[in-house]
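A short write-up of the structure that comes next.
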Amino acid sequence: MTAAPAIVLRDVGKVFVRDDGTAVAVLEHVTFEIAAGSFVCLVGRSGSGKSTILNMIAGLIAPSSGTIAFADGITKRPRLDIGYLTQKETLLPWRDVLHNVAMPLEVRGMNKAEREVRARELIRRVGLADAEKRYPRELSGGMSRRASLARMLASDPATLLLDEPFGALDAQLRGDLQAELLQLWGGSGKTIVFVTHDIDEALLLADRVIALQSGGRIAVDVDLPRARPRNPRDVRFGPEFIALHEQLLDALTTDPGVRSVATA
Amino acid sequence: MNATLSAVESRRNVRARHNVRILLARSVLFVVVVGLWQIGSALNLIDATVVPSPLAIGASLLKIIVNGQLVFHAWITIQETIAGFLIGAIGGIVLGFAIGRYPALAEVLDPFILAIYSVPKVALAPLFVVWFGIGIFMKIVLAAVTVLFIVFFNTLAGVRNVDRDLVDAVWLMGAKPRDVLFKVLVPSAMSWALTGVRISIPYALIGAIIGELIASNRGIGYLISSAAAAYDTAGVFAALIVLTVLAMLLNAVVDEIDRRLSKWKVDASVSIRGT
C-alpha cells in the first residue's frame with residue numbers, strides 16, 4: 001500500500017484505573033499506520049483493546065501515552081470528519097428515523113430542508129425509505145443498524161470507525177449488511193477501521209487485517225488481495241485465504257489472554 | 001380475504017359480547033350490594049348513625065346538588081388542585097433540571113432533599129395554616145409542595161439516568177453543549193419528569209383535600225369535616241361520593257396523558273412514588 005497514512009498511532013498506551021484503585025494496562029506500545037482510503041480490520045478477542053483503540057481514534061478517550069495523529073495535523077476533538085458506529089445502538093429513541101439520520105447535520109447547523117433531503121437520500125440508499133417515520137423501538141435489529149449506518153454517513157465523514165457493528169445480527173442479515181457496507185464504501189475513498197472478533201468477517205471485508213493480542217500486541221498484520229466482492233465461502237475455504245485464516249486463528253488462540261480478567 | 005374479514009368481524013363480536021357481559025355483571029353486583037345495604041338499613045340491621053342507608057345518602061347528595069353547595073365546594077377544590085399541581089409540576093421540572101445539570105451540587109444536596117422528601121407533607125399542613133392562614137392559598141401551597149417533590153425527584157433521576165452513550169454519540173457528531181442539553185438531556189429526562197407529573201396528579205387532589213380537612217370553610221374536604229362534626233354521616237358519604245367522582249375524572253386525565261406519552265416510550269420506569 002502506497003497511499004499516505006490517514007491515521008498514525010505511535011507508541012500508544014492506555015491505562016484504566018478500576019474502581020478498586022488498581023491500574024490495568026489495556027494497551028502498551030501500539031504503533032501502526034492506517035492508509036487513506038483503506039479498509040482495515042482489527043481482529044482480536046475481547047480484552048485485546050481493539051475497542052479502546054477505536055475510542056481513542058474517535059477522541060472519546062485520550063491515550064495515556066503516545067500519540068494518535070491525523071494527516072491534516074488537527075488535534076481538536078471530536079473530529080468532524082469521523083463517523084463512529086458502535087455495537088450498541090445509539091439512535092435517539094424520541095426521534096424517528098428521518099430525524100435521527102439528520103441529527104449530525106442538524107448539530108452542524110445545516111438548514112432543515114437541505115438536511116432532510118440529504119437524510120432521505122441516505123435512508124433510501126440503506127433501504128429504509130418506508131420506515132423514515134418510525135421510531136427506533138419500532139425497528140428490527142437490522143433496520144436499526146441500517147438507520148445507524150445512514151446517520152454515520154450523513155455528514156459524509158472521510159473516516160469511518162465501526163466497532164463490531166453487525167455482531168448482534170443473525171448470519172443472514174450480517175451478510176446482507178456487510179455487502180451493503182462494501183457497496184456504500186466502494187469508490188468513496190473513505191478510510192474504514194473496522195473492529196471485529198470474527199476472522200471470516202475480517203477476511204471478507206478488509207484490505208488489511210491486523211490481529212491484536214492482549215495489550216494491543218500486533219500478532220499479525222497482513223494485506224489481502226483487493227478483489228471484491230469476495231465470496232464468504234472462499235474466504236473460509238479458498239486456497240488463497242486458507243493459510244491466512246489459519247494464521248489469524250493461531251494469533252487469536254495463542255493469545256495468552258488478558259492478564260487481568262478484562263471486563264471490556 | 002373474505003375469510004379474514006369475517007374472522008376479524010367475529011373476533012370483534014366476541015369482544016363486544018364479552019364487554020357487555022362484564023358491564024352487566026358489574027351492574028348486577030352494584031345493585032345487589034346497594035339493595036342488600038338498603039334492606040339491611042330498613043330492617044335496622046345497620047346503625048344509621050354509623051352507615052346511613054343508600055337512600056339517605058342519595059337524598060343528602062340531591063340536597064347539595066340542588067342548593068348549589070356541591071358545585072360551589074367542588075369548584076373550590078378543583079381550583080386548588082389545578083393551581084397546586086401546575087405550580088408544583090413546573091417548579092419540580094425546573095428545579096430538577098437546574099440541580100441535575102450539576103452532578104456535584106446534586107450529590108451535596110442529596111441527603112437534605114431526601115430528608116425533606118421523606119417528611120409526610122400532611123404533617124406540614126398545621127405549619128402552613130400558621131404561615132398562610134386558612135384560605136385557599138394554604139391548600140394550593142400544600143398541593144404544590146406535594147407535587148413538587150414527586151416531580152422534582154423524577155426529573156432529577158431522569159437527568160442522572162441519561163444514557164452516556166447517547167451523549168457521547170451526539171458529542172462525536174460535533175454537537176455543542178447547548179445541543180447536548182436540549183437535544184439529549186431534556187428529551188431523555190423529560191419522559192421521567194412526565195412520569196413524575198403523571199403520578200403526582202392525584203397527590204395534588206390529596207394535598208388540597210387534606211388542607212381543607214385541617215382548616216377551612218369551603219371545599220369538598222370542608223363538606224366532609226363539617227358533616228362529620230354534625231354527626232351527619234349521610235352528608236359525609238355524599239361528599240365522599242363527590243370526591244370519588246372527582247378522583248376518577250383526574251385518573252381519566254392521567255390515563256389520557258399516559259396514552260400520549262407511550263408513543264416512543266417502551267416502559268414507564270417509575271422510580272419513586274409519592275408519599
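Here, A, B, ... name the chains of the C-alpha cells in the order displayed, residue numbers run from 1 inside each chain, and ligands are numbered from 1 in the same displayed order.
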Q: Considering only C-alpha atoms, return as a VMD selection string whatever protein or nucleic-acid residues lie within 10 Å of Ser188 in chain A, sequence-local ones (same chain, fewer than 2 positions apart) excluded.
A: chain A and resid 37 156 158 183 to 186 190 to 191
Listing only residues of chain A within 10 Å of chain B, what is the closest atom pair and its distance in Å (to one decimal) for each, using only C-alpha atoms, sorted by chain and residue number ascending, as CSV?
```
residue,atom,partner,partner_atom,distance
A:Ala58,CA,B:Leu172,CA,7.6
A:Gly59,CA,B:Leu172,CA,8.0
A:Leu60,CA,B:Asp168,CA,7.3
A:Arg77,CA,B:Leu172,CA,8.3
A:Pro78,CA,B:Leu172,CA,5.5
A:Arg79,CA,B:Leu172,CA,7.5
A:Leu80,CA,B:Gly174,CA,6.0
A:Asp81,CA,B:Met173,CA,9.0
A:Ile82,CA,B:Leu172,CA,8.1
A:Gly83,CA,B:Met173,CA,7.7
A:Tyr84,CA,B:Leu172,CA,7.9
A:Leu85,CA,B:Ala169,CA,8.8
A:Thr86,CA,B:Ala169,CA,8.9
A:Lys88,CA,B:Asp165,CA,8.3
A:Glu89,CA,B:Asp165,CA,8.8
A:Thr90,CA,B:Leu166,CA,5.4
A:Leu91,CA,B:Leu166,CA,7.4
A:Leu92,CA,B:Leu166,CA,7.0
A:Pro93,CA,B:Trp264,CA,6.6
A:Trp94,CA,B:Trp264,CA,5.9
A:Arg95,CA,B:Trp264,CA,8.4
A:Asp96,CA,B:Trp264,CA,9.1
A:Met103,CA,B:Met173,CA,8.1
A:Pro104,CA,B:Met173,CA,5.2
A:Leu105,CA,B:Met173,CA,8.4
A:Glu106,CA,B:Ala175,CA,8.8
A:Val107,CA,B:Ala175,CA,5.2
A:Arg108,CA,B:Gly174,CA,6.9
A:Gly109,CA,B:Ala175,CA,9.7
A:Arg134,CA,B:Trp264,CA,9.5
A:Tyr135,CA,B:Trp264,CA,6.6
A:Pro136,CA,B:Trp264,CA,8.1
A:Arg137,CA,B:Trp264,CA,7.0
A:Glu138,CA,B:Trp264,CA,8.6
A:Arg151,CA,B:Met173,CA,9.8
A:Met152,CA,B:Met173,CA,8.8
A:Ser155,CA,B:Met173,CA,8.4
```
Q.
Which residues are close to Ala119 in chain A, i.e. within 8 Å by only C-alpha atoms, leaving aside same-chain residues fewer than 3 positions away? Reply as a ChimeraX atom specification.
A. /A:98,101-102,115-116,122-123,150-151,154
Q. CA of Ser10 in chain B to CA of Arg26 in chain B: how many Å, to one decimal?
A.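 Separating CA of Ser10 in chain B from CA of Arg26 in chain B is a distance of 24.3 Å.
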Q: Measure the distance from CA of Leu182 in chain A to CA of Arg230 in chain A in Å and round it to one decimal.
A: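 Spanning CA of Leu182 in chain A to CA of Arg230 in chain A is a straight-line distance of 10.3 Å.
Minimum atom-to-atom distances from A:Glu180, A:Asp72, A:Asp223, A:Glu28 to Ile7 in chain A were compared using only C-alpha atoms, and the lowest value belongs to A:Asp72.
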Q: Write out as a ChimeraX atom specification the residues lying within 7 Å of Thr67 in chain A, counting only C-alpha atoms and excluding same-chain residues fewer than 3 positions away.
A: /A:9-12
(Q) Applying 7 Å and only C-alpha atoms, which residues near Thr81 in chain B remain after dropping the ones on its own chain fewer than 4 positions away? List them as a VMD selection string. (A) chain B and resid 77 85 140 143 204 to 205 208
Grab the residues selected above and save them as a PDB file, in the first residue's frame with C-alpha atoms.
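And here's selection.pdb as it stands now:
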```pdb
ATOM      1  CA  THR B  77     -61.297  22.042  45.428  1.00  0.00           C
ATOM      2  CA  PHE B  85     -50.484  20.939  40.525  1.00  0.00           C
ATOM      3  CA  ILE B 140     -52.578  25.436  46.971  1.00  0.00           C
ATOM      4  CA  ALA B 143     -50.860  20.588  46.972  1.00  0.00           C
ATOM      5  CA  ALA B 204     -52.483  17.383  44.116  1.00  0.00           C
ATOM      6  CA  LEU B 205     -56.067  16.442  44.990  1.00  0.00           C
ATOM      7  CA  ALA B 208     -55.945  20.106  48.571  1.00  0.00           C
TER       8      ALA B 208
END
```
If you run DSSP on this backbone, which residues of range 164-219 of chain A come out as strand (DSSP E or B), and could you give them as a PDB file with N, CA and C atoms, in the first residue's frame?
```pdb
ATOM      1  N   THR A 191     -11.759   6.082   4.481  1.00  0.00           N
ATOM      2  CA  THR A 191     -10.932   5.173   5.257  1.00  0.00           C
ATOM      3  C   THR A 191     -11.817   4.480   6.282  1.00  0.00           C
ATOM      4  N   ILE A 192     -11.699   3.152   6.371  1.00  0.00           N
ATOM      5  CA  ILE A 192     -12.526   2.440   7.346  1.00  0.00           C
ATOM      6  C   ILE A 192     -11.652   1.671   8.329  1.00  0.00           C
ATOM      7  N   VAL A 193     -11.930   1.837   9.597  1.00  0.00           N
ATOM      8  CA  VAL A 193     -11.316   0.985  10.613  1.00  0.00           C
ATOM      9  C   VAL A 193     -12.453   0.187  11.241  1.00  0.00           C
ATOM     10  N   PHE A 194     -12.371  -1.109  11.087  1.00  0.00           N
ATOM     11  CA  PHE A 194     -13.487  -1.983  11.432  1.00  0.00           C
ATOM     12  C   PHE A 194     -13.008  -2.985  12.471  1.00  0.00           C
ATOM     13  N   VAL A 195     -13.633  -2.980  13.630  1.00  0.00           N
ATOM     14  CA  VAL A 195     -13.237  -3.884  14.705  1.00  0.00           C
ATOM     15  C   VAL A 195     -14.171  -5.083  14.728  1.00  0.00           C
ATOM     16  N   THR A 196     -13.606  -6.254  14.819  1.00  0.00           N
ATOM     17  CA  THR A 196     -14.437  -7.464  14.892  1.00  0.00           C
ATOM     18  C   THR A 196     -13.661  -8.557  15.621  1.00  0.00           C
ATOM     19  N   ARG A 208      -6.800  -5.017   4.675  1.00  0.00           N
ATOM     20  CA  ARG A 208      -5.681  -5.312   5.559  1.00  0.00           C
ATOM     21  C   ARG A 208      -6.260  -5.747   6.900  1.00  0.00           C
ATOM     22  N   VAL A 209      -5.684  -6.806   7.439  1.00  0.00           N
ATOM     23  CA  VAL A 209      -6.180  -7.301   8.714  1.00  0.00           C
ATOM     24  C   VAL A 209      -5.056  -7.229   9.748  1.00  0.00           C
ATOM     25  N   ILE A 210      -5.362  -6.651  10.881  1.00  0.00           N
ATOM     26  CA  ILE A 210      -4.404  -6.604  11.981  1.00  0.00           C
ATOM     27  C   ILE A 210      -4.987  -7.422  13.126  1.00  0.00           C
ATOM     28  N   ALA A 211      -4.240  -8.450  13.538  1.00  0.00           N
ATOM     29  CA  ALA A 211      -4.713  -9.261  14.670  1.00  0.00           C
ATOM     30  C   ALA A 211      -4.047  -8.755  15.933  1.00  0.00           C
ATOM     31  N   LEU A 212      -4.868  -8.414  16.893  1.00  0.00           N
ATOM     32  CA  LEU A 212      -4.347  -7.893  18.152  1.00  0.00           C
ATOM     33  C   LEU A 212      -4.447  -8.964  19.230  1.00  0.00           C
ATOM     34  N   GLN A 213      -3.380  -9.076  20.005  1.00  0.00           N
ATOM     35  CA  GLN A 213      -3.442  -9.906  21.197  1.00  0.00           C
ATOM     36  C   GLN A 213      -3.573  -8.991  22.408  1.00  0.00           C
ATOM     37  N   GLY A 215      -3.219  -6.543  25.367  1.00  0.00           N
ATOM     38  CA  GLY A 215      -2.287  -5.435  25.483  1.00  0.00           C
ATOM     39  C   GLY A 215      -2.108  -4.704  24.174  1.00  0.00           C
ATOM     40  N   ARG A 217      -0.940  -6.029  21.458  1.00  0.00           N
ATOM     41  CA  ARG A 217       0.248  -6.511  20.736  1.00  0.00           C
ATOM     42  C   ARG A 217      -0.171  -6.988  19.351  1.00  0.00           C
ATOM     43  N   ILE A 218       0.501  -6.479  18.325  1.00  0.00           N
ATOM     44  CA  ILE A 218       0.128  -6.850  16.958  1.00  0.00           C
ATOM     45  C   ILE A 218       0.768  -8.190  16.615  1.00  0.00           C
ATOM     46  N   ALA A 219      -0.091  -9.221  16.475  1.00  0.00           N
ATOM     47  CA  ALA A 219       0.415 -10.561  16.208  1.00  0.00           C
ATOM     48  C   ALA A 219       0.533 -10.820  14.714  1.00  0.00           C
TER      49      ALA A 219
END
```
Q) When DSSP works through the backbone of this structure, what residues of range 52-265 of chain B end up as alpha helix (DSSP H), shown as a ChimeraX atom specification? A) /B:54-66,69-100,103-118,125-132,136-160,164-172,177-180,186-214,220-229,233-261
Q. CA of Thr52 in chain A and CA of Gly216 in chain A are how many Å apart?
A. 9.4 Å
Compile the contact shell of Leu252 in chain A as an mmCIF file with C-alpha atoms, in the first residue's frame: residues with an atom at most 10 Å away, counting only C-alpha atoms, same-chain residues fewer than 2 positions apart removed.
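The result, stored in selection23.cif:
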```
data_model
loop_
_atom_site.group_PDB
_atom_site.id
_atom_site.type_symbol
_atom_site.label_atom_id
_atom_site.label_comp_id
_atom_site.auth_asym_id
_atom_site.auth_seq_id
_atom_site.Cartn_x
_atom_site.Cartn_y
_atom_site.Cartn_z
ATOM 1 C CA VAL A 43 -9.437 -8.582 14.948
ATOM 2 C CA GLY A 44 -8.898 -9.748 18.465
ATOM 3 C CA ARG A 45 -10.600 -11.404 21.373
ATOM 4 C CA SER A 48 -7.413 -7.155 23.387
ATOM 5 C CA HIS A 197 -13.661 -10.725 16.641
ATOM 6 C CA ILE A 199 -11.950 -13.724 11.334
ATOM 7 C CA ALA A 211 -4.713 -9.261 14.670
ATOM 8 C CA LEU A 212 -4.347 -7.893 18.152
ATOM 9 C CA GLN A 213 -3.442 -9.906 21.197
ATOM 10 C CA SER A 214 -3.901 -8.756 24.748
ATOM 11 C CA ALA A 219 0.415 -10.561 16.208
ATOM 12 C CA VAL A 220 -0.412 -10.449 12.510
ATOM 13 C CA GLU A 246 -5.080 -20.285 9.970
ATOM 14 C CA GLN A 247 -2.509 -17.626 10.735
ATOM 15 C CA LEU A 248 -5.131 -15.324 12.207
ATOM 16 C CA LEU A 249 -6.805 -18.104 14.117
ATOM 17 C CA ASP A 250 -3.419 -19.026 15.596
ATOM 18 C CA THR A 254 -2.395 -18.440 21.216
ATOM 19 C CA ASP A 255 -3.233 -15.149 22.842
ATOM 20 C CA PRO A 256 -2.091 -15.679 26.416
ATOM 21 C CA GLY A 257 -5.272 -13.958 27.456
#
```
Q: Write out as a ChimeraX atom specification the residues lying within 7 Å of range 151-162 of chain B, counting only C-alpha atoms and excluding same-chain residues fewer than 6 positions away.
A: /B:89,92-93,95-97,100,185,188-189,192-193,196-197,200,271-272
